[in-house]
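This report concerns only the one structure given below.
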Amino acid sequence: MPAPVLTLQEVAEIVGGRLVGPGAVKIRSVAPVEEAGSEELGLLATKRYARFVPESAAGALLVSAELEATVDEGIPMVVVDDAHRALAALLRHLHPEKRPEARIHPTAVLGRGVRLGNDVGLGPYSVVEDGAEIGDGCRIGAHVVVGRDARLGRGCVLHPHVVLYARTVLGDDVIVHSGARLGVDGFGYTFEDGAHRKVPQVGRCVVEDGVEIGANTTLDRGSIGDTVIGRGTKLDNLIQLGHNVRVGALSLMASMVGVAGSTRIGSGVLLGGQAGVIGHLEVGDGAQIAAAARVMRDVPAGETVAGDPARPNREYLRTRAMVERLPRLAKRIKALEEAVDALHERR
Amino acid sequence: MPAPVLTLQEVAEIVGGRLVGPGAVKIRSVAPVEEAGSEELGLLATKRYARFVPESAAGALLVSAELEATVDEGIPMVVVDDAHRALAALLRHLHPEKRPEARIHPTAVLGRGVRLGNDVGLGPYSVVEDGAEIGDGCRIGAHVVVGRDARLGRGCVLHPHVVLYARTVLGDDVIVHSGARLGVDGFGYTFEDGAHRKVPQVGRCVVEDGVEIGANTTLDRGSIGDTVIGRGTKLDNLIQLGHNVRVGALSLMASMVGVAGSTRIGSGVLLGGQAGVIGHLEVGDGAQIAAAARVMRDVPAGETVAGDPARPNREYLRTRAMVERLPRLAKRIKALEEAVDALHERR
Amino acid sequence: MPAPVLTLQEVAEIVGGRLVGPGAVKIRSVAPVEEAGSEELGLLATKRYARFVPESAAGALLVSAELEATVDEGIPMVVVDDAHRALAALLRHLHPEKRPEARIHPTAVLGRGVRLGNDVGLGPYSVVEDGAEIGDGCRIGAHVVVGRDARLGRGCVLHPHVVLYARTVLGDDVIVHSGARLGVDGFGYTFEDGAHRKVPQVGRCVVEDGVEIGANTTLDRGSIGDTVIGRGTKLDNLIQLGHNVRVGALSLMASMVGVAGSTRIGSGVLLGGQAGVIGHLEVGDGAQIAAAARVMRDVPAGETVAGDPARPNREYLRTRAMVERLPRLAKRIKALEEAVDALHERR
């Protein structure tokens with residue numbers, strides 16, 4: 001499906017930007033500035049990529065206002081305040097969302113008492129177990145397993161190979177990527193009679209409206225009570241959230257984050273890739289956890305933390321600088337020792 | 001399936017605890033103290049959660065003896081020595097294990113020479129390849145692939161979407177969660193003629209009795225010889241064990257642990273989340289590896305290690321404290337320099 | 001399938017090694033020296049394992065030349081310069097690659113306009129969506145989903161449960177292990193009107209010839225433009241590469257590596273397990289990133305980096321040693337303070 005052709009003038013209108021140069025230049029798609037061809041709009045959103053402009057074959061550029069001056073005269077462009085937001089608007093125009101058709105594939109296996117809403121699609125070899133309920137407009141991919149008594153709201157998209165364990169609950173407009181496992185038994189054992197005995201995991205995994213969950217991410221069900229992912233929160237690939245973790249609304253977790261059991265993450269929290277949070281903590285609203293930080297204490301609302309163990313960012317940076325200066329500190333100590341020896345001797 | 005209703009008196013008997021208050025209070029389920037409703041038993045196992053008691057709507061509490069004094073008079077409760085163990089006992093009573101029925105779904109694909117024990121369940125679209133053997137009482141979930149010549153003991157539960165590569169061996173009562181991959185080719189290449197050439201991976205992945213393996217965990221087969229997970233060991237989600245890793249009995253690995261090839265982990269070892277162990281090491285029996293520790297040397301039996309690189313815990317804590325005190329050390333050096341300068345000048 | 005029996009003389013010829021002792025000894029397979037039985041060839045490639053030789057039951061040994069002297073006289077062996085390469089040659093002889101037969105299983109689901117080459121195998125319950133193209137000699141495992149308009153070259157092997165999102169491109173001879181997800185939507189949102197709005201992810205995931213991809217690894221498609229894995233590069237299990245990451249030829253990434261969006265990794269680069277690289281960086285050709293290193297700046301070609309944050313290896317080792325010596329530094333400062341006090345008082 002070739003995307004429609006736009007003129008640069010039309011691009012400027014779609015993104016609400018300022019046209020510089022001829023408005024008739026034709027644009028077929030968008031590409032990073034260093035890869036864009038003659039019928040493509042090259043994206044220049046950050047200074048780092050300005051060095052690629054002189055050799056770019058792009059037919060025109062989409063440029064952040066602060067970088068306009070770095071572009072040689074004569075290159076057609078659309079200048080915007082926020083190039084990422086403009087890019088998003090343009091992509092939504094060029095690639096309007098197309099759901100697969102609402103077909104129930106003849107190989108879909110439906111258990112007893114399953115309730116399907118209107119306009120539901122079930123992919124080849126999907127399995128919906130007894131008592132599950134799927135809301136209007138959902139699209140369930142190939143090989144997906146919707147466990148017993150699971151409940152999906154409206155408009156959810158489950159990509160191929162998602163597994164929802166029994167009694168998992170999704171709100172409306174949830175997107176789950178391939179291989180994500182929701183409602184997995186948490187890691188709970190008691191040591192009795194010389195063995196680790198499994199503690200029944202009887203809570204649920206509850207995912208609120210508008211959440212997106214990345215590929216191969218694993219979310220445990222609650223041990224007792226629920227694991228909850230709040231409205232509009234987005235989780236990247238290969239994340240692990242333990243039993244009874246609660247995440248507020250509109251938080252973002254980059255890939256490979258791990259959060260241990262019963263920790264509560266607030267709303268609007270950002271967690272960088274590979275960050276880890278131990279169990280039974282509270283991370284306040286709006287906190288920011290740097291990539292690879294190891295959080296071992298509560299984080300107050302609004303705080304930015306980094307490092308291993310994680311500490312307030314300013315402290316982290318200061319400590320890091322001190323560690324780097326250690327060889328110099330050692331030299332100063334040596335010099336002091338010599339000076340003090342000299343003072344003793346001269347006496 | 002609503003759980004049976006118990007009286008608080010019955011709860012006390014099931015968990016072997018001491019009843020405080022009216023024994024006739026009705027309990028339908030258990031919940032964390034901060035979430036429990038009027039017909040629920042609120043769990044109060046650790047001090048951290050005592051602050052939620054005053055506002056809890058719980059009909060009664062299950063309380064660790066050491067926290068009994070923190071609970072206001074008049075709240076019905078059962079007091080026990082070990083609240084986690086009591087919880088486990090109660091949950092096992094309320095939620096007795098129910099295996100899915102032993103049905104061979106008509107869509108299960110069986111290869112040549114497959115041997116199935118008695119009372120085996122095969123889920124929709126499961127595939128059992130040539131020569132595989134599945135013991136009595138196993139439950140194989142939807143879409144599971146049991147590779148050629150794989151062998152399962154009795155009573156194993158494979159959740160949907162598990163893949164066992166060829167010749168993988170499971171003992172009795174092994175539980176494998178969704179998306180786990182067992183017996184994957186290890187990462188082995190030789191650089192020849194300008195390319196990384198694959199070294200055939202011909203060993204097996206052998207999992208002993210009573211092991212549980214988390215969702216999306218990956219276990220490599222041996223390169224030559226076997227990868228072995230010992231009796232009763234429990235692995236959480238998203239763990240990676242390289243080729244020829246050997247883990248002893250009754251060890252616990254939290255999620256996202258990675259162990260590189262040929263390392264031997266003893267029995268009763270604990271590994272915290274996101275910990276990493278490089279290849280060809282020995283971690284002795286009963287060792288404890290802290291979350292996110294990076295193990296780069298052998299760990300003696302019984303040792304607790306932490307940090308990056310991992311070192312004995314006392315040393316880790318001391319070094320960490322020293323690093324935090326670095327700004328003060330730097331100030332003391334500055335003060336010394338001034339004092340020494342003053343001594344020089346006064347002379 | 002029992003492997004063929006070889007004489008030790010034949011082993012020596014296959015690996016181009018020197019026979020020590022009787023050439024008629026019979027060998028059925030190869031095993032680590034500490035596990036080898038009487039008809040097995042024990043591998044002794046590194047000094048660390050020499051301690052197992054005296055008690056080994058191996059019928060004969062395959063020994064690195066530098067370790068020959070550590071082996072007691074009278075043990076039959078084949079001595080080689082590079083034991084790992086010799087092992088690889090021997091395993092390739094003993095276990096020649098056997099592809100599954102090129103059968104199109106009757107349960108395979110083919111969309112409209114699918115093109116299949118000659119000698120293609122499609123496993124049970126595999127799904128090939130509309131417009132996809134699969135080259136000669138490919139083997140597609142059970143439950144694999146090949147997305148709409150995806151394109152596979154010749155001789156690719158997709159193990160069970162692989163998912164290729166729409167428009168993913170594989171070159172020739174690509175191997176993908178179970179549960180890998182290629183072409184997943186990247187993690188891209190704009191915050192508008194109080195919500196994280198999804199930015200359409202319209203690029204592709206392009207994998208060049210001879211790449212191998214581990215189990216449960218996730219590769220995002222490009223946001224705009226492509227994510228590219230270069231010729232002959234090998235990725236281990238549970239790796240995450242963000243949108244628009246580009247990896248050159250012949251690089252190796254051990255398991256659990258994470259690379260954030262738009263970073264470019266050169267050719268011949270090595271990344272150790274659990275290493276992380278933030279977004280928009282350049283890692284030059286031939287660079288080496290130690291296990292668990294956190295790369296937060298560009299890495300020049302040929303550089304070896306380690307630590308958190310990653311720095312040149314020599315600097316990392318020096319800083320690490322300084323940190324370990326901190327308690328001694330603190331003592332020296334204390335001693336200086338006392339000496340200076342004494343000098344003041346004596347005056």
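We label chains A, B, ... in the order they appear in the structure tokens, count residues from 1 in each chain, and number ligands from 1 in the order shown.
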
query: Counting only C-alpha atoms, which residues of chain C come no farther than 8 Å from chain B, as a ChimeraX atom specification?
result: /C:30-32,35,84-85,88,91-92,95,124-125,142-143,160-161,177-179,215-216,232-233,236-238,250,254-256,273-274,292,323-324,326-327,330,333,336-337,340,344

Result of fitting chain B to chain C over every paired C-alpha, as a compact mmCIF listing (two decimals) with C-alpha atoms, in the first residue's frame:
```
# COMPACT_ATOMS: atom_id res chain seq x y z
CA MET B 1 20.15 -41.49 16.24
CA PRO B 2 23.38 -42.87 17.66
CA ALA B 3 26.36 -40.98 16.28
CA PRO B 4 28.87 -43.03 14.27
CA VAL B 5 31.75 -44.65 16.13
CA LEU B 6 35.18 -43.22 15.37
CA THR B 7 38.66 -44.41 16.28
CA LEU B 8 40.98 -41.95 17.98
CA GLN B 9 43.12 -42.12 14.84
CA GLU B 10 40.14 -40.93 12.81
CA VAL B 11 39.48 -38.16 15.32
CA ALA B 12 43.07 -36.98 14.92
CA GLU B 13 42.61 -36.84 11.15
CA ILE B 14 39.27 -35.00 11.31
CA VAL B 15 40.60 -32.28 13.59
CA GLY B 16 44.10 -32.19 12.13
CA GLY B 17 45.64 -33.05 15.51
CA ARG B 18 48.52 -35.12 16.83
CA LEU B 19 47.72 -38.60 18.16
CA VAL B 20 49.29 -39.57 21.50
CA GLY B 21 48.73 -43.21 22.48
CA PRO B 22 46.80 -46.02 20.79
CA GLY B 23 44.83 -44.92 17.70
CA ALA B 24 42.34 -47.74 17.96
CA VAL B 25 40.49 -46.37 21.00
CA LYS B 26 36.80 -46.09 20.14
CA ILE B 27 34.92 -42.81 20.51
CA ARG B 28 31.15 -42.42 20.37
CA SER B 29 30.80 -38.79 21.33
CA VAL B 30 32.46 -35.80 23.01
CA ALA B 31 31.85 -34.56 26.55
CA PRO B 32 33.34 -32.10 29.05
CA VAL B 33 36.33 -33.81 30.68
CA GLU B 34 34.59 -34.02 34.06
CA GLU B 35 31.56 -35.78 32.59
CA ALA B 36 33.04 -37.99 29.90
CA GLY B 37 32.59 -41.77 30.04
CA SER B 38 34.74 -44.59 28.72
CA GLU B 39 33.59 -44.33 25.09
CA GLU B 40 33.66 -40.55 25.10
CA LEU B 41 36.34 -38.07 24.16
CA GLY B 42 36.87 -35.66 27.06
CA LEU B 43 37.44 -32.02 26.09
CA LEU B 44 40.31 -30.24 27.86
CA ALA B 45 40.43 -26.77 26.33
CA THR B 46 41.28 -24.52 29.29
CA LYS B 47 43.52 -24.79 32.32
CA ARG B 48 40.63 -24.37 34.69
CA TYR B 49 39.41 -27.87 33.87
CA ALA B 50 42.81 -29.67 34.12
CA ARG B 51 42.05 -30.55 37.76
CA PHE B 52 39.31 -32.92 36.55
CA VAL B 53 41.67 -35.01 34.41
CA PRO B 54 43.01 -37.37 37.12
CA GLU B 55 39.52 -38.60 37.97
CA SER B 56 38.07 -38.48 34.50
CA ALA B 57 36.60 -41.70 33.12
CA ALA B 58 37.11 -40.45 29.58
CA GLY B 59 38.32 -43.04 27.08
CA ALA B 60 40.57 -40.41 25.55
CA LEU B 61 41.10 -36.65 25.60
CA LEU B 62 41.05 -33.80 23.10
CA VAL B 63 43.70 -31.46 24.52
CA SER B 64 45.00 -27.96 23.79
CA ALA B 65 48.73 -28.12 23.09
CA GLU B 66 49.50 -25.79 26.00
CA LEU B 67 47.85 -28.23 28.41
CA GLU B 68 49.47 -31.39 27.08
CA ALA B 69 52.06 -31.42 29.87
CA THR B 70 49.36 -31.40 32.57
CA VAL B 71 47.99 -34.75 31.42
CA ASP B 72 49.40 -37.88 33.03
CA GLU B 73 51.27 -40.24 30.76
CA GLY B 74 49.34 -43.18 29.41
CA ILE B 75 46.09 -41.36 28.74
CA PRO B 76 45.29 -41.55 25.03
CA MET B 77 44.78 -38.15 23.49
CA VAL B 78 44.66 -35.96 20.43
CA VAL B 79 46.61 -32.73 20.84
CA VAL B 80 45.59 -29.65 18.86
CA ASP B 81 46.46 -25.95 18.73
CA ASP B 82 42.92 -24.73 19.26
CA ALA B 83 40.71 -27.18 21.10
CA HIS B 84 37.51 -25.21 20.57
CA ARG B 85 37.99 -25.12 16.83
CA ALA B 86 38.89 -28.83 16.81
CA LEU B 87 35.78 -29.58 18.84
CA ALA B 88 33.66 -27.67 16.35
CA ALA B 89 35.14 -29.62 13.44
CA LEU B 90 34.55 -32.92 15.20
CA LEU B 91 30.97 -32.05 16.13
CA ARG B 92 30.23 -31.01 12.57
CA HIS B 93 31.50 -34.42 11.49
CA LEU B 94 29.57 -36.34 14.14
CA HIS B 95 26.38 -34.32 13.82
CA PRO B 96 25.97 -33.15 10.23
CA GLU B 97 23.13 -30.67 9.94
CA LYS B 98 19.81 -32.34 9.24
CA ARG B 99 16.97 -30.09 8.23
CA PRO B 100 13.47 -31.37 8.87
CA GLU B 101 11.82 -32.57 5.68
CA ALA B 102 10.29 -29.98 3.37
CA ARG B 103 6.73 -30.77 4.19
CA ILE B 104 3.86 -28.31 4.01
CA HIS B 105 1.79 -29.44 6.98
CA PRO B 106 -1.90 -29.59 6.07
CA THR B 107 -2.73 -27.24 8.94
CA ALA B 108 -0.50 -24.42 7.64
CA VAL B 109 -2.60 -21.35 6.87
CA LEU B 110 -1.57 -19.41 3.76
CA GLY B 111 -2.94 -15.94 3.03
CA ARG B 112 -3.65 -14.44 -0.36
CA GLY B 113 -0.76 -13.83 -2.70
CA VAL B 114 1.76 -15.80 -0.65
CA ARG B 115 4.75 -16.94 -2.69
CA LEU B 116 6.65 -20.04 -1.59
CA GLY B 117 9.99 -21.07 -3.10
CA ASN B 118 11.02 -24.65 -3.82
CA ASP B 119 11.74 -27.10 -1.05
CA VAL B 120 9.96 -25.09 1.67
CA GLY B 121 8.76 -26.70 4.91
CA LEU B 122 5.85 -25.23 6.87
CA GLY B 123 5.21 -26.69 10.31
CA PRO B 124 1.91 -27.52 11.98
CA TYR B 125 -0.29 -24.49 12.60
CA SER B 126 2.10 -22.07 10.97
CA VAL B 127 0.48 -18.96 9.52
CA VAL B 128 1.78 -17.05 6.51
CA GLU B 129 -0.13 -13.84 5.99
CA ASP B 130 -1.13 -12.12 2.76
CA GLY B 131 1.61 -11.15 0.38
CA ALA B 132 4.46 -12.80 2.26
CA GLU B 133 7.28 -14.41 0.30
CA ILE B 134 9.38 -17.36 1.47
CA GLY B 135 12.54 -18.32 -0.39
CA ASP B 136 13.84 -21.72 -1.48
CA GLY B 137 14.79 -24.22 1.16
CA CYS B 138 13.30 -22.40 4.16
CA ARG B 139 12.06 -24.37 7.16
CA ILE B 140 9.26 -22.70 9.08
CA GLY B 141 8.49 -24.27 12.47
CA ALA B 142 5.22 -24.99 14.22
CA HIS B 143 3.02 -22.00 15.10
CA VAL B 144 5.32 -19.50 13.38
CA VAL B 145 3.56 -16.37 12.13
CA VAL B 146 5.04 -14.73 9.04
CA GLY B 147 3.37 -11.33 8.86
CA ARG B 148 1.81 -9.60 5.90
CA ASP B 149 4.26 -8.78 3.10
CA ALA B 150 7.23 -10.20 5.04
CA ARG B 151 10.05 -11.50 2.83
CA LEU B 152 12.44 -14.35 3.58
CA GLY B 153 15.47 -15.22 1.47
CA ARG B 154 16.74 -18.75 0.89
CA GLY B 155 17.56 -21.35 3.46
CA CYS B 156 16.16 -19.61 6.54
CA VAL B 157 15.23 -21.68 9.60
CA LEU B 158 12.49 -20.31 11.85
CA HIS B 159 12.10 -22.41 14.99
CA PRO B 160 8.62 -22.90 16.49
CA HIS B 161 6.77 -19.84 17.79
CA VAL B 162 8.71 -17.14 15.96
CA VAL B 163 6.61 -14.10 15.01
CA LEU B 164 7.59 -11.77 12.18
CA TYR B 165 5.51 -8.60 12.16
CA ALA B 166 4.35 -7.23 8.82
CA ARG B 167 6.99 -6.30 6.22
CA THR B 168 9.93 -7.83 8.12
CA VAL B 169 12.76 -8.79 5.77
CA LEU B 170 15.18 -11.70 6.26
CA GLY B 171 18.14 -12.36 3.97
CA ASP B 172 19.49 -15.83 3.17
CA ASP B 173 20.42 -18.46 5.76
CA VAL B 174 18.98 -16.62 8.73
CA ILE B 175 18.21 -18.73 11.84
CA VAL B 176 15.61 -17.47 14.31
CA HIS B 177 14.97 -19.27 17.59
CA SER B 178 11.72 -19.90 19.39
CA GLY B 179 9.76 -16.96 20.60
CA ALA B 180 11.82 -14.26 18.93
CA ARG B 181 9.65 -11.32 17.80
CA LEU B 182 10.92 -9.30 14.85
CA GLY B 183 9.53 -6.01 13.66
CA VAL B 184 7.65 -5.14 16.86
CA ASP B 185 6.34 -1.58 17.18
CA GLY B 186 8.97 0.64 18.78
CA PHE B 187 8.29 2.55 21.99
CA GLY B 188 7.20 5.91 20.59
CA TYR B 189 4.60 8.27 21.97
CA THR B 190 3.87 11.98 22.02
CA PHE B 191 2.19 13.48 25.06
CA GLU B 192 -0.89 15.33 23.79
CA ASP B 193 -4.16 16.25 25.44
CA GLY B 194 -3.23 14.53 28.67
CA ALA B 195 -2.29 11.16 27.20
CA HIS B 196 0.60 9.34 25.58
CA ARG B 197 -0.46 9.07 21.94
CA LYS B 198 1.08 6.31 19.89
CA VAL B 199 3.36 7.43 17.05
CA PRO B 200 2.81 5.11 14.08
CA GLN B 201 5.80 2.82 13.65
CA VAL B 202 6.09 2.44 9.91
CA GLY B 203 9.67 1.33 9.25
CA ARG B 204 10.85 -2.24 8.86
CA CYS B 205 13.08 -4.75 10.60
CA VAL B 206 15.70 -5.91 8.09
CA VAL B 207 17.94 -8.87 8.90
CA GLU B 208 20.80 -9.61 6.54
CA ASP B 209 22.31 -12.92 5.40
CA GLY B 210 23.65 -15.42 7.89
CA VAL B 211 22.31 -13.77 11.04
CA GLU B 212 21.24 -15.98 13.98
CA ILE B 213 18.75 -14.64 16.53
CA GLY B 214 18.23 -16.18 19.97
CA ALA B 215 15.09 -17.31 21.76
CA ASN B 216 12.63 -14.69 23.02
CA THR B 217 14.73 -11.85 21.62
CA THR B 218 12.74 -8.79 20.51
CA LEU B 219 13.71 -6.52 17.63
CA ASP B 220 11.67 -3.39 17.00
CA ARG B 221 10.83 -2.23 13.50
CA GLY B 222 12.05 1.22 12.52
CA SER B 223 9.91 4.18 13.48
CA ILE B 224 10.64 5.74 10.10
CA GLY B 225 13.44 4.08 8.20
CA ASP B 226 14.61 0.60 9.17
CA THR B 227 16.12 -1.36 12.01
CA VAL B 228 18.98 -3.33 10.42
CA ILE B 229 21.00 -6.34 11.63
CA GLY B 230 24.08 -6.75 9.45
CA ARG B 231 25.38 -9.82 7.64
CA GLY B 232 26.65 -12.66 9.81
CA THR B 233 25.88 -10.99 13.15
CA LYS B 234 24.77 -13.33 15.95
CA LEU B 235 22.32 -12.35 18.71
CA ASP B 236 21.81 -14.49 21.79
CA ASN B 237 18.58 -15.00 23.78
CA LEU B 238 16.44 -12.30 25.44
CA ILE B 239 18.05 -9.34 23.67
CA GLN B 240 16.16 -6.13 22.95
CA LEU B 241 17.05 -3.77 20.10
CA GLY B 242 15.02 -0.58 19.84
CA HIS B 243 13.63 1.10 16.74
CA ASN B 244 16.13 2.18 14.11
CA VAL B 245 19.06 0.46 15.77
CA ARG B 246 21.61 -0.54 13.14
CA VAL B 247 24.13 -3.28 13.75
CA GLY B 248 26.97 -3.91 11.31
CA ALA B 249 28.33 -7.22 10.05
CA LEU B 250 29.80 -10.03 12.14
CA SER B 251 29.01 -8.55 15.55
CA LEU B 252 28.20 -10.75 18.56
CA MET B 253 25.76 -9.90 21.33
CA ALA B 254 25.48 -12.16 24.37
CA SER B 255 22.17 -12.63 26.08
CA MET B 256 20.10 -9.92 27.72
CA VAL B 257 21.82 -7.03 25.93
CA GLY B 258 19.61 -3.98 25.45
CA VAL B 259 20.23 -1.28 22.85
CA ALA B 260 17.97 1.77 22.80
CA GLY B 261 16.58 3.42 19.71
CA SER B 262 18.62 4.83 16.82
CA THR B 263 22.00 3.68 18.17
CA ARG B 264 24.42 2.39 15.57
CA ILE B 265 26.65 -0.54 16.43
CA GLY B 266 29.53 -1.15 14.03
CA SER B 267 30.92 -4.35 12.54
CA GLY B 268 32.82 -6.95 14.51
CA VAL B 269 31.60 -5.49 17.79
CA LEU B 270 31.31 -7.71 20.87
CA LEU B 271 28.72 -7.00 23.59
CA GLY B 272 28.84 -9.04 26.80
CA GLY B 273 25.74 -10.30 28.56
CA GLN B 274 23.35 -7.81 30.18
CA ALA B 275 25.20 -4.84 28.67
CA GLY B 276 23.09 -1.78 27.90
CA VAL B 277 23.55 1.03 25.37
CA ILE B 278 21.42 4.18 25.48
CA GLY B 279 19.88 5.67 22.36
CA HIS B 280 21.35 7.76 19.54
CA LEU B 281 24.96 6.65 20.10
CA GLU B 282 27.64 5.28 17.80
CA VAL B 283 29.70 2.25 18.76
CA GLY B 284 32.59 1.92 16.34
CA ASP B 285 33.79 -1.16 14.46
CA GLY B 286 35.60 -3.74 16.53
CA ALA B 287 34.65 -2.17 19.86
CA GLN B 288 34.23 -4.50 22.83
CA ILE B 289 31.60 -3.81 25.47
CA ALA B 290 32.08 -5.81 28.68
CA ALA B 291 29.26 -7.76 30.28
CA ALA B 292 26.85 -5.52 32.22
CA ALA B 293 28.56 -2.33 31.00
CA ARG B 294 26.29 0.73 30.68
CA VAL B 295 27.27 2.63 27.57
CA MET B 296 26.24 6.29 27.79
CA ARG B 297 28.65 7.88 25.29
CA ASP B 298 29.92 7.03 21.81
CA VAL B 299 32.55 4.30 21.78
CA PRO B 300 35.40 4.76 19.28
CA ALA B 301 36.31 1.92 16.92
CA GLY B 302 38.47 -0.72 18.54
CA GLU B 303 37.93 0.55 22.09
CA THR B 304 37.20 -1.82 24.98
CA VAL B 305 34.86 -0.38 27.59
CA ALA B 306 33.50 -1.63 30.90
CA GLY B 307 31.62 -0.42 33.96
CA ASP B 308 28.68 1.76 34.85
CA PRO B 309 28.96 4.23 33.25
CA ALA B 310 31.13 2.48 30.68
CA ARG B 311 34.63 3.90 30.23
CA PRO B 312 37.82 2.63 28.60
CA ASN B 313 38.81 -0.62 30.21
CA ARG B 314 42.12 0.59 31.68
CA GLU B 315 40.37 3.51 33.31
CA TYR B 316 37.62 1.21 34.56
CA LEU B 317 40.15 -1.15 36.15
CA ARG B 318 42.07 1.72 37.74
CA THR B 319 38.93 3.29 39.18
CA ARG B 320 37.74 -0.06 40.46
CA ALA B 321 41.06 -0.69 42.18
CA MET B 322 40.95 2.81 43.71
CA VAL B 323 37.48 2.18 45.08
CA GLU B 324 38.67 -1.07 46.62
CA ARG B 325 41.58 0.77 48.20
CA LEU B 326 39.32 3.46 49.70
CA PRO B 327 39.45 2.10 53.27
CA ARG B 328 43.25 2.30 53.10
CA LEU B 329 43.13 5.83 51.69
CA ALA B 330 40.85 6.81 54.55
CA LYS B 331 43.37 5.40 57.04
CA ARG B 332 46.18 7.35 55.43
CA ILE B 333 44.15 10.55 55.73
CA LYS B 334 43.54 9.82 59.40
CA ALA B 335 47.27 9.22 59.94
CA LEU B 336 48.07 12.49 58.19
CA GLU B 337 45.62 14.37 60.35
CA GLU B 338 47.26 12.98 63.47
CA ALA B 339 50.73 13.82 62.18
CA VAL B 340 49.71 17.37 61.33
CA ASP B 341 48.07 17.78 64.73
CA ALA B 342 51.28 16.57 66.35
CA LEU B 343 53.32 19.08 64.37
CA HIS B 344 51.03 21.88 65.47
CA GLU B 345 51.23 20.86 69.10
CA ARG B 346 54.97 20.41 69.20
CA ARG B 347 55.40 23.84 67.99
```
